[in-house]
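Chemist: What follows is my_file.cif; its format and atoms are mmCIF, C-alpha atoms.
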```cif
data_target
#
loop_
_atom_site.group_PDB
_atom_site.id
_atom_site.type_symbol
_atom_site.label_atom_id
_atom_site.label_comp_id
_atom_site.auth_asym_id
_atom_site.auth_seq_id
_atom_site.Cartn_x
_atom_site.Cartn_y
_atom_site.Cartn_z
ATOM 1 C CA THR A 7 -68.283 -75.803 47.743
ATOM 2 C CA ILE A 8 -71.600 -77.176 46.435
ATOM 3 C CA SER A 9 -73.440 -75.439 43.606
ATOM 4 C CA ILE A 10 -77.265 -75.482 43.622
ATOM 5 C CA ALA A 11 -79.474 -74.537 40.692
ATOM 6 C CA LYS A 12 -83.018 -75.638 41.514
ATOM 7 C CA ALA A 13 -86.442 -73.989 41.273
ATOM 8 C CA GLY A 14 -85.001 -70.710 40.076
ATOM 9 C CA ILE A 15 -82.504 -70.589 42.954
ATOM 10 C CA THR A 16 -78.850 -70.414 41.997
ATOM 11 C CA THR A 17 -76.350 -70.299 44.841
ATOM 12 C CA MET A 18 -73.142 -71.816 46.174
ATOM 13 C CA LEU A 19 -72.847 -73.332 49.650
ATOM 14 C CA LYS A 20 -69.710 -74.105 51.590
ATOM 15 C CA SER A 21 -69.085 -77.764 52.279
ATOM 16 C CA ARG A 22 -68.965 -78.404 56.018
ATOM 17 C CA THR A 23 -67.679 -81.940 55.964
ATOM 18 C CA SER A 24 -65.254 -84.199 54.154
ATOM 19 C CA VAL A 25 -66.624 -86.996 51.997
ATOM 20 C CA LEU A 26 -65.112 -90.478 51.862
ATOM 21 C CA ALA A 27 -66.902 -92.654 49.315
ATOM 22 C CA ALA A 28 -66.383 -96.131 47.870
ATOM 23 C CA ALA A 29 -67.951 -97.813 44.852
ATOM 24 C CA ASN A 30 -67.764 -101.180 43.098
ATOM 25 C CA PRO A 31 -67.920 -101.682 39.317
ATOM 26 C CA PRO A 32 -71.359 -102.963 38.257
ATOM 27 C CA SER A 33 -69.746 -105.687 36.136
ATOM 28 C CA GLY A 34 -67.736 -107.029 39.080
ATOM 29 C CA ARG A 35 -64.322 -106.143 37.612
ATOM 30 C CA TYR A 36 -62.741 -102.841 36.664
ATOM 31 C CA ASP A 37 -62.333 -102.292 32.914
ATOM 32 C CA ASP A 38 -59.731 -99.663 32.048
ATOM 33 C CA LEU A 39 -61.290 -99.082 28.643
ATOM 34 C CA LYS A 40 -64.656 -98.071 30.066
ATOM 35 C CA SER A 41 -65.676 -94.615 31.143
ATOM 36 C CA ALA A 42 -66.370 -93.534 34.706
ATOM 37 C CA GLN A 43 -70.119 -93.870 34.191
ATOM 38 C CA GLU A 44 -69.671 -97.480 33.063
ATOM 39 C CA ASN A 45 -67.199 -98.502 35.772
ATOM 40 C CA ILE A 46 -68.722 -96.589 38.683
ATOM 41 C CA ASP A 47 -72.408 -95.794 39.044
ATOM 42 C CA LEU A 48 -71.798 -92.106 39.781
ATOM 43 C CA GLN A 49 -72.184 -89.044 37.619
ATOM 44 C CA SER A 50 -68.979 -87.620 36.199
ATOM 45 C CA THR A 51 -69.831 -84.225 37.720
ATOM 46 C CA ILE A 52 -69.641 -85.853 41.156
ATOM 47 C CA LEU A 53 -66.415 -87.707 40.447
ATOM 48 C CA SER A 54 -64.684 -84.537 39.298
ATOM 49 C CA ARG A 55 -65.257 -82.952 42.728
ATOM 50 C CA PHE A 56 -63.151 -85.474 44.642
ATOM 51 C CA ASP A 57 -59.633 -84.303 45.467
ATOM 52 C CA LEU A 58 -58.170 -87.821 45.545
ATOM 53 C CA ILE A 59 -59.426 -90.866 43.657
ATOM 54 C CA PHE A 60 -57.898 -94.279 44.320
ATOM 55 C CA ILE A 61 -58.350 -97.334 42.132
ATOM 56 C CA VAL A 62 -58.267 -100.426 44.355
ATOM 57 C CA LYS A 63 -57.871 -103.555 42.264
ATOM 58 C CA ASP A 64 -57.551 -107.183 43.278
ATOM 59 C CA PRO A 65 -55.057 -108.805 40.900
ATOM 60 C CA ALA A 66 -54.333 -112.518 41.204
ATOM 61 C CA ASP A 67 -51.036 -112.639 43.092
ATOM 62 C CA PRO A 68 -50.295 -115.751 45.217
ATOM 63 C CA GLU A 69 -47.829 -113.984 47.525
ATOM 64 C CA ARG A 70 -50.163 -111.042 48.077
ATOM 65 C CA ASP A 71 -53.122 -113.383 48.631
ATOM 66 C CA LYS A 72 -51.136 -115.246 51.313
ATOM 67 C CA MET A 73 -50.361 -111.984 53.105
ATOM 68 C CA ILE A 74 -54.022 -110.962 53.089
ATOM 69 C CA ALA A 75 -55.176 -114.380 54.324
ATOM 70 C CA ARG A 76 -52.561 -114.350 57.097
ATOM 71 C CA LYS A 77 -53.670 -110.874 58.183
ATOM 72 C CA VAL A 78 -57.342 -111.872 58.331
ATOM 73 C CA LEU A 79 -56.545 -115.034 60.301
ATOM 74 C CA ASP A 80 -54.357 -113.091 62.754
ATOM 75 C CA ASN A 81 -57.195 -110.630 63.365
ATOM 76 C CA HIS A 82 -59.488 -113.478 64.384
ATOM 77 C CA ARG A 83 -56.816 -115.215 66.449
ATOM 78 C CA LEU A 84 -55.877 -112.084 68.399
ATOM 79 C CA ALA A 85 -59.423 -110.747 68.836
ATOM 80 C CA GLY A 86 -59.637 -111.858 72.479
ATOM 81 C CA SER A 87 -56.260 -110.493 73.552
ATOM 82 C CA ARG A 88 -56.973 -107.089 72.034
ATOM 83 C CA GLN A 89 -59.899 -106.534 74.380
ATOM 84 C CA GLU A 90 -57.376 -106.020 77.197
ATOM 85 C CA ASP A 91 -55.877 -103.069 75.315
ATOM 86 C CA SER A 92 -59.256 -101.414 74.746
ATOM 87 C CA GLU A 93 -58.715 -98.814 77.507
ATOM 88 C CA GLN A 94 -55.395 -97.691 76.086
ATOM 89 C CA SER A 95 -56.874 -97.604 72.571
ATOM 90 C CA LYS A 96 -59.738 -95.432 73.839
ATOM 91 C CA GLU A 97 -57.269 -92.932 75.280
ATOM 92 C CA GLU A 98 -55.388 -92.819 71.980
ATOM 93 C CA VAL A 99 -58.616 -92.226 70.050
ATOM 94 C CA ASP A 100 -59.625 -89.413 72.417
ATOM 95 C CA PHE A 101 -56.221 -87.767 72.007
ATOM 96 C CA LEU A 102 -56.480 -88.061 68.214
ATOM 97 C CA LYS A 103 -59.925 -86.444 68.264
ATOM 98 C CA ARG A 104 -58.654 -83.509 70.330
ATOM 99 C CA TYR A 105 -55.632 -83.130 68.052
ATOM 100 C CA ILE A 106 -57.767 -83.056 64.893
ATOM 101 C CA HIS A 107 -60.165 -80.555 66.473
ATOM 102 C CA TYR A 108 -57.269 -78.271 67.429
ATOM 103 C CA CYS A 109 -55.774 -78.465 63.919
ATOM 104 C CA ARG A 110 -59.086 -77.539 62.327
ATOM 105 C CA SER A 111 -59.931 -74.698 64.673
ATOM 106 C CA GLN A 112 -56.520 -73.117 65.338
ATOM 107 C CA CYS A 113 -54.272 -73.760 62.324
ATOM 108 C CA PHE A 114 -54.865 -72.052 58.968
ATOM 109 C CA PRO A 115 -51.687 -72.363 56.858
ATOM 110 C CA ARG A 116 -51.131 -70.585 53.557
ATOM 111 C CA LEU A 117 -48.822 -71.387 50.670
ATOM 112 C CA SER A 118 -45.383 -69.825 50.552
ATOM 113 C CA GLU A 119 -44.277 -68.067 47.373
ATOM 114 C CA GLN A 120 -41.902 -70.909 46.512
ATOM 115 C CA ALA A 121 -44.682 -73.448 47.018
ATOM 116 C CA GLN A 122 -47.000 -71.459 44.755
ATOM 117 C CA ASP A 123 -44.383 -71.390 41.988
ATOM 118 C CA ARG A 124 -43.935 -75.183 42.243
ATOM 119 C CA LEU A 125 -47.685 -75.816 42.028
ATOM 120 C CA ALA A 126 -48.011 -73.515 39.033
ATOM 121 C CA ALA A 127 -45.132 -75.272 37.256
ATOM 122 C CA PHE A 128 -46.604 -78.712 37.990
ATOM 123 C CA TYR A 129 -50.028 -77.629 36.734
ATOM 124 C CA VAL A 130 -48.551 -76.353 33.459
ATOM 125 C CA GLU A 131 -46.478 -79.540 33.138
ATOM 126 C CA ILE A 132 -49.351 -81.997 33.426
ATOM 127 C CA ARG A 133 -51.555 -79.834 31.197
ATOM 128 C CA GLY A 134 -48.826 -80.052 28.561
ATOM 129 C CA GLU A 135 -48.624 -83.815 29.002
ATOM 130 C CA ALA A 136 -52.388 -84.044 28.488
ATOM 131 C CA ARG A 137 -52.202 -82.085 25.234
ATOM 132 C CA GLY A 138 -49.296 -84.211 24.003
ATOM 133 C CA ALA A 139 -51.153 -87.433 24.831
ATOM 134 C CA ALA A 140 -54.196 -86.182 22.921
ATOM 135 C CA GLN A 141 -52.065 -85.498 19.847
ATOM 136 C CA ARG A 142 -50.491 -88.963 20.016
ATOM 137 C CA ASP A 143 -53.929 -90.592 20.243
ATOM 138 C CA ASP A 144 -55.408 -88.435 17.449
ATOM 139 C CA SER A 145 -58.116 -87.380 19.883
ATOM 140 C CA ASP A 146 -59.773 -84.049 20.513
ATOM 141 C CA ASN A 147 -60.080 -84.698 24.245
ATOM 142 C CA PRO A 148 -56.892 -85.459 26.186
ATOM 143 C CA PRO A 149 -56.892 -88.856 27.910
ATOM 144 C CA VAL A 150 -55.452 -87.193 31.033
ATOM 145 C CA PRO A 151 -57.568 -84.051 31.483
ATOM 146 C CA VAL A 152 -56.471 -81.627 34.177
ATOM 147 C CA THR A 153 -58.569 -78.624 35.168
ATOM 148 C CA VAL A 154 -58.417 -75.864 37.764
ATOM 149 C CA ARG A 155 -60.296 -78.164 40.134
ATOM 150 C CA GLN A 156 -57.262 -80.425 40.309
ATOM 151 C CA LEU A 157 -55.047 -77.412 41.032
ATOM 152 C CA GLU A 158 -57.361 -76.402 43.865
ATOM 153 C CA ALA A 159 -57.197 -79.978 45.160
ATOM 154 C CA LEU A 160 -53.392 -79.786 45.239
ATOM 155 C CA ILE A 161 -53.598 -76.545 47.201
ATOM 156 C CA ARG A 162 -55.927 -78.111 49.777
ATOM 157 C CA ILE A 163 -53.729 -81.189 50.143
ATOM 158 C CA SER A 164 -50.579 -79.081 50.581
ATOM 159 C CA GLU A 165 -52.247 -76.941 53.238
ATOM 160 C CA SER A 166 -53.515 -80.105 54.946
ATOM 161 C CA PHE A 167 -49.975 -81.460 55.247
ATOM 162 C CA ALA A 168 -48.908 -78.185 56.852
ATOM 163 C CA LYS A 169 -51.927 -78.257 59.152
ATOM 164 C CA MET A 170 -50.993 -81.756 60.346
ATOM 165 C CA GLY A 171 -47.679 -80.332 61.531
ATOM 166 C CA LEU A 172 -49.357 -77.248 63.068
ATOM 167 C CA GLN A 173 -47.303 -75.027 60.772
ATOM 168 C CA PRO A 174 -48.565 -71.602 59.674
ATOM 169 C CA VAL A 175 -47.023 -71.841 56.183
ATOM 170 C CA ALA A 176 -47.269 -74.625 53.579
ATOM 171 C CA THR A 177 -43.736 -74.976 52.276
ATOM 172 C CA LEU A 178 -42.201 -76.558 49.186
ATOM 173 C CA GLU A 179 -41.822 -79.820 51.101
ATOM 174 C CA HIS A 180 -45.570 -79.985 51.708
ATOM 175 C CA VAL A 181 -46.252 -79.288 48.032
ATOM 176 C CA GLU A 182 -43.908 -82.067 46.932
ATOM 177 C CA MET A 183 -45.715 -84.533 49.225
ATOM 178 C CA ALA A 184 -49.062 -83.361 47.837
ATOM 179 C CA ILE A 185 -47.850 -83.800 44.254
ATOM 180 C CA GLN A 186 -46.584 -87.301 45.013
ATOM 181 C CA LEU A 187 -49.893 -88.296 46.614
ATOM 182 C CA PHE A 188 -51.904 -86.706 43.797
ATOM 183 C CA THR A 189 -49.820 -88.467 41.144
ATOM 184 C CA LYS A 190 -50.160 -91.885 42.800
ATOM 185 C CA SER A 191 -53.912 -91.534 43.268
ATOM 186 C CA THR A 192 -55.905 -89.199 41.056
ATOM 187 C CA MET A 193 -53.527 -89.109 38.078
ATOM 188 C CA ASP A 194 -53.272 -92.906 38.012
ATOM 189 C CA ALA A 195 -57.057 -93.080 38.317
ATOM 190 C CA VAL A 196 -57.485 -90.637 35.451
ATOM 191 C CA LYS A 197 -55.271 -92.787 33.262
ATOM 192 C CA SER A 198 -57.388 -95.805 34.236
ATOM 193 C CA GLY A 199 -60.620 -94.124 33.177
ATOM 194 C CA VAL A 200 -62.014 -92.360 36.267
ATOM 195 C CA THR A 201 -62.426 -88.758 35.202
ATOM 196 C CA GLN A 202 -65.012 -86.366 33.857
ATOM 197 C CA TYR A 203 -63.887 -87.338 30.362
ATOM 198 C CA ASN A 204 -63.647 -90.746 28.781
ATOM 199 C CA VAL A 205 -60.205 -92.262 28.543
ATOM 200 C CA ALA A 206 -61.265 -93.753 25.213
ATOM 201 C CA SER A 207 -63.585 -91.706 23.017
ATOM 202 C CA ASP A 208 -66.423 -93.380 21.135
ATOM 203 C CA PRO A 209 -64.448 -93.617 17.852
ATOM 204 C CA GLN A 210 -61.517 -95.143 19.743
ATOM 205 C CA ARG A 211 -63.769 -97.743 21.364
ATOM 206 C CA ASP A 212 -65.246 -98.692 18.004
ATOM 207 C CA ARG A 213 -61.733 -99.035 16.649
ATOM 208 C CA ILE A 214 -60.721 -101.217 19.604
ATOM 209 C CA HIS A 215 -63.765 -103.462 19.098
ATOM 210 C CA ARG A 216 -62.884 -103.853 15.411
ATOM 211 C CA LEU A 217 -59.329 -104.763 16.401
ATOM 212 C CA GLU A 218 -60.636 -107.382 18.810
ATOM 213 C CA GLU A 219 -62.574 -108.982 15.961
ATOM 214 C CA LYS A 220 -59.455 -109.005 13.785
ATOM 215 C CA VAL A 221 -57.476 -110.696 16.569
ATOM 216 C CA ARG A 222 -60.225 -113.301 17.027
ATOM 217 C CA ARG A 223 -60.191 -114.095 13.294
ATOM 218 C CA ARG A 224 -56.400 -114.295 13.255
ATOM 219 C CA LEU A 225 -56.015 -116.296 16.465
ATOM 220 C CA HIS A 226 -58.234 -119.362 16.873
ATOM 221 C CA ILE A 227 -59.128 -120.762 20.285
ATOM 222 C CA GLY A 228 -56.210 -122.731 21.727
ATOM 223 C CA SER A 229 -53.601 -121.337 19.330
ATOM 224 C CA TYR A 230 -50.486 -119.303 20.119
ATOM 225 C CA ILE A 231 -48.677 -116.449 18.403
ATOM 226 C CA THR A 232 -45.832 -114.193 19.410
ATOM 227 C CA GLN A 233 -46.935 -110.732 20.382
ATOM 228 C CA ARG A 234 -44.363 -109.200 18.046
ATOM 229 C CA ARG A 235 -45.662 -111.130 15.025
ATOM 230 C CA LEU A 236 -49.277 -110.295 15.823
ATOM 231 C CA MET A 237 -48.359 -106.661 16.264
ATOM 232 C CA ASP A 238 -46.528 -106.551 12.931
ATOM 233 C CA GLU A 239 -49.464 -108.133 11.114
ATOM 234 C CA MET A 240 -51.915 -105.606 12.573
ATOM 235 C CA VAL A 241 -49.594 -102.702 11.761
ATOM 236 C CA ALA A 242 -49.358 -103.988 8.172
ATOM 237 C CA LEU A 243 -53.150 -103.663 8.046
ATOM 238 C CA GLY A 244 -52.886 -99.981 8.985
ATOM 239 C CA GLU A 245 -53.414 -100.210 12.760
ATOM 240 C CA SER A 246 -51.283 -98.477 15.364
ATOM 241 C CA GLU A 247 -49.307 -100.492 17.893
ATOM 242 C CA MET A 248 -50.831 -98.558 20.783
ATOM 243 C CA MET A 249 -54.409 -99.390 19.738
ATOM 244 C CA VAL A 250 -53.486 -103.044 19.143
ATOM 245 C CA MET A 251 -52.019 -103.250 22.639
ATOM 246 C CA ARG A 252 -55.146 -101.693 24.142
ATOM 247 C CA ALA A 253 -57.285 -104.239 22.319
ATOM 248 C CA LEU A 254 -55.097 -107.088 23.609
ATOM 249 C CA CYS A 255 -55.283 -105.750 27.153
ATOM 250 C CA ALA A 256 -59.067 -105.559 26.886
ATOM 251 C CA MET A 257 -59.263 -109.141 25.675
ATOM 252 C CA SER A 258 -56.921 -110.248 28.462
ATOM 253 C CA ALA A 259 -59.127 -108.530 31.062
ATOM 254 C CA MET A 260 -62.160 -110.384 29.654
ATOM 255 C CA GLY A 261 -60.286 -113.686 29.837
ATOM 256 C CA GLU A 262 -60.228 -114.290 26.086
ATOM 257 C CA ILE A 263 -56.430 -114.357 25.793
ATOM 258 C CA GLU A 264 -53.460 -114.914 28.076
ATOM 259 C CA PHE A 265 -49.976 -113.500 27.906
ATOM 260 C CA ARG A 266 -47.233 -116.107 28.259
ATOM 261 C CA ARG A 267 -43.439 -116.022 28.558
ATOM 262 C CA GLU A 268 -43.202 -112.520 30.015
ATOM 263 C CA ARG A 269 -45.891 -111.203 27.631
ATOM 264 C CA SER A 270 -43.950 -112.243 24.538
ATOM 265 C CA VAL A 271 -46.548 -114.879 23.522
ATOM 266 C CA VAL A 272 -50.319 -114.504 23.161
ATOM 267 C CA HIS A 273 -52.545 -117.531 23.845
ATOM 268 C CA ARG A 274 -56.211 -117.548 22.787
ATOM 269 C CA VAL A 275 -58.138 -119.142 25.642
ATOM 270 C CA ARG A 276 -61.753 -118.767 24.548
#
```
Would you mind writing the structure in this file as structure tokens?

Modeler:
Amino acid sequence: TISIAKAGITTMLKSRTSVLAAANPPSGRYDDLKSAQENIDLQSTILSRFDLIFIVKDPADPERDKMIARKVLDNHRLAGSRQEDSEQSKEEVDFLKRYIHYCRSQCFPRLSEQAQDRLAAFYVEIRGEARGAAQRDDSDNPPVPVTVRQLEALIRISESFAKMGLQPVATLEHVEMAIQLFTKSTMDAVKSGVTQYNVASDPQRDRIHRLEEKVRRRLHIGSYITQRRLMDEMVALGESEMMVMRALCAMSAMGEIEFRRERSVVHRVR
């Protein structure tokens, strides 16, 4: 649904279409310590209305880069031969369109009692995890916020799985698939910073920036130090290991430091 509150008119309209949106970070790279507004130029009230949110990153991986390059080159090489299969592809697309239309117009599954119990238990579980994470971070707002909107999203996804199979009831199996998809997409995105709340609150960001300055003073450009030693020194100054690690990850994302020897050594690059 879409809520409207303009010119003295307050109403709620049913959404008649699905929305598939994509956005790029304004800075050119995704920063896990930034909020949704800083990483994606969309209001948090809009982001919170998406059922599934996927973070698509492009890490430097030689093997993965080779696979992507090979796929792109094969697409160009086989472009001419695929024109011969265009008629068969058209028939497949037409069949898929008719199938989707039939699913939408004739199949209206509902959750079974067992499926409802599983969704309720999962909702309570992740809400508890959010509260526990907030207590560990000494934050008022949980870093993994979960609201009723996410529960409604799980219900829609579960019913969609049942609808794909033209089944009148969404069973426990459909719910488990929905939970797995939700965990791998939206929950991972929430932990990366895409949510209606900030993953790092303003006091936490200030603390991280102060830690970055301490690391810069301790580690000169070109020098090395073991991560364990650096961590112990920061802890001796009253900092938590978790916040030190977040500061190091932020500096690594900005290219200031590099992790060497399976992340056991920290190298100051610039």

Chemist: Can you list, as a list in words, every protein, DNA or RNA residue that comes within 12 Å of Glu268 (chain A) when you count all atoms listed in the file, leaving out same-chain residues fewer than 4 positions away?

Modeler: Thr232, Gln233, Glu264 and Val272 of chain A

Chemist: Which of these, A:Ile263, A:Val25, A:Leu125, A:Ile214, has the shortest distance to Ser246 (chain A) once you count all atoms listed in the file?

Modeler: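 Among the listed residues, A:Ile214 lies closest to Ser246 (chain A).
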
Chemist: Could you list the residues chosen by the PyMOL selection byres ((chain A and resi 115) around 8) in this structure as JSON, numbers by chain?

Modeler: {"A": [113, 114, 116, 117, 165, 168, 169, 173, 174, 175, 176]}

Chemist: Could you check which of A:Ile161, A:Met237, A:Pro65, A:Ala127 is closest to Met251 (chain A), using all atoms listed in the file?

Modeler: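 Nearest candidate to Met251 (chain A) out of A:Ile161, A:Met237, A:Pro65, A:Ala127: A:Met237.
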
Chemist: Please expand the PyMOL selection byres ((chain A and resi 226) around 12) into the concrete residues it hits in this file, giving the result as a ChimeraX atom specification.

Modeler: /A:219-225,227-231,262-263,272-276

Chemist: With the file shown as input, list the residues that the PyMOL selection byres ((chain A and resi 182) around 12) selects, as a count of residues only.

Modeler: 28

Chemist: What does the distance between CA of Val241 (chain A) and CA of Arg266 (chain A) come to in Å, to one decimal place?

Modeler: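 Taking CA of Val241 (chain A) as the start and CA of Arg266 (chain A) as the end point, the length is 21.4 Å.
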
Chemist: One decimal, in Å: what's the spacing between CA of Arg213 (chain A) and CA of Arg252 (chain A)?

Modeler: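 Taking CA of Arg213 (chain A) as the start and CA of Arg252 (chain A) as the end point, the length is 10.3 Å.
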
Chemist: At what distance in Å, to one decimal, does CA of Met193 (chain A) lie from CA of Arg133 (chain A)?

Modeler: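 Straight-line distance from CA of Arg133 (chain A) to CA of Met193 (chain A) works out to 11.7 Å.
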
Chemist: Measuring between all atoms listed in the file, which one of A:Arg216, A:Arg267, A:Lys77, A:Lys63 shows the shortest distance to Ala29 (chain A)?

Modeler: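 Counting all atoms listed in the file, the residue closest to Ala29 (chain A) is A:Lys63.
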
Chemist: Please, what is the axis-aligned box for every listed atom of region 115-134 of chain A with 5 Å on each side, as centre and edge lengths in Å to one decimal, as JSON?

Modeler:
```
{"center_x": -46.8, "center_y": -75.0, "center_z": 42.7, "size_x": 19.8, "size_y": 23.9, "size_z": 38.3}
```

Chemist: Give me region 163-172 of chain A from this structure - all heavy atoms, as a CSV table (one decimal), in the first residue's frame.

Modeler:
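Result file follows (part13.csv):
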```
chain,number,residue,atom,x,y,z
A,163,ILE,N,6.4,-13.0,0.6
A,163,ILE,CA,7.3,-13.9,-0.1
A,163,ILE,C,6.9,-15.4,0.1
A,163,ILE,O,7.0,-16.1,-0.9
A,163,ILE,CB,8.7,-13.7,0.5
A,163,ILE,CG1,9.2,-12.3,0.3
A,163,ILE,CG2,9.7,-14.7,-0.1
A,163,ILE,CD1,10.5,-11.9,1.0
A,164,SER,N,6.4,-15.8,1.2
A,164,SER,CA,6.0,-17.2,1.4
A,164,SER,C,4.8,-17.5,0.5
A,164,SER,O,4.8,-18.5,-0.1
A,164,SER,CB,5.6,-17.4,2.9
A,164,SER,OG,6.7,-17.1,3.8
A,165,GLU,N,3.8,-16.6,0.5
A,165,GLU,CA,2.7,-16.8,-0.4
A,165,GLU,C,3.1,-16.8,-1.9
A,165,GLU,O,2.5,-17.5,-2.7
A,165,GLU,CB,1.6,-15.7,-0.1
A,165,GLU,CG,1.0,-15.8,1.3
A,165,GLU,CD,0.0,-14.7,1.6
A,165,GLU,OE1,0.0,-13.7,0.8
A,165,GLU,OE2,-0.7,-14.8,2.6
A,166,SER,N,4.1,-16.0,-2.2
A,166,SER,CA,4.6,-16.0,-3.6
A,166,SER,C,5.2,-17.3,-4.0
A,166,SER,O,4.9,-17.8,-5.1
A,166,SER,CB,5.6,-14.8,-3.8
A,166,SER,OG,5.0,-13.6,-3.6
A,167,PHE,N,5.9,-17.9,-3.1
A,167,PHE,CA,6.5,-19.2,-3.4
A,167,PHE,C,5.4,-20.2,-3.6
A,167,PHE,O,5.4,-21.1,-4.5
A,167,PHE,CB,7.4,-19.7,-2.2
A,167,PHE,CG,8.8,-19.2,-2.3
A,167,PHE,CD1,9.3,-18.4,-1.3
A,167,PHE,CD2,9.6,-19.5,-3.4
A,167,PHE,CE1,10.6,-17.9,-1.4
A,167,PHE,CE2,10.9,-19.0,-3.5
A,167,PHE,CZ,11.4,-18.2,-2.5
A,168,ALA,N,4.3,-20.2,-2.8
A,168,ALA,CA,3.2,-21.1,-3.0
A,168,ALA,C,2.5,-20.8,-4.3
A,168,ALA,O,2.0,-21.7,-5.0
A,168,ALA,CB,2.2,-21.0,-1.8
A,169,LYS,N,2.4,-19.5,-4.6
A,169,LYS,CA,1.7,-19.1,-5.9
A,169,LYS,C,2.4,-19.6,-7.1
A,169,LYS,O,1.8,-20.0,-8.1
A,169,LYS,CB,1.5,-17.6,-5.9
A,169,LYS,CG,0.7,-17.1,-7.1
A,169,LYS,CD,0.5,-15.6,-7.0
A,169,LYS,CE,-0.4,-15.2,-5.8
A,169,LYS,NZ,-0.7,-13.7,-5.9
A,170,MET,N,3.8,-19.6,-7.0
A,170,MET,CA,4.6,-20.1,-8.1
A,170,MET,C,4.3,-21.6,-8.4
A,170,MET,O,4.3,-22.1,-9.6
A,170,MET,CB,6.1,-20.0,-7.8
A,170,MET,CG,6.5,-18.5,-7.9
A,170,MET,SD,8.2,-18.3,-7.3
A,170,MET,CE,9.1,-19.4,-8.4
A,171,GLY,N,4.0,-22.4,-7.4
A,171,GLY,CA,3.6,-23.8,-7.5
A,171,GLY,C,2.1,-24.0,-7.7
A,171,GLY,O,1.7,-25.2,-7.7
A,172,LEU,N,1.3,-23.0,-7.8
A,172,LEU,CA,-0.1,-23.0,-8.0
A,172,LEU,C,-0.7,-23.8,-6.8
A,172,LEU,O,-1.7,-24.6,-7.0
A,172,LEU,CB,-0.5,-23.7,-9.3
A,172,LEU,CG,0.0,-23.0,-10.6
A,172,LEU,CD1,-0.3,-23.8,-11.8
A,172,LEU,CD2,-0.5,-21.6,-10.7
```
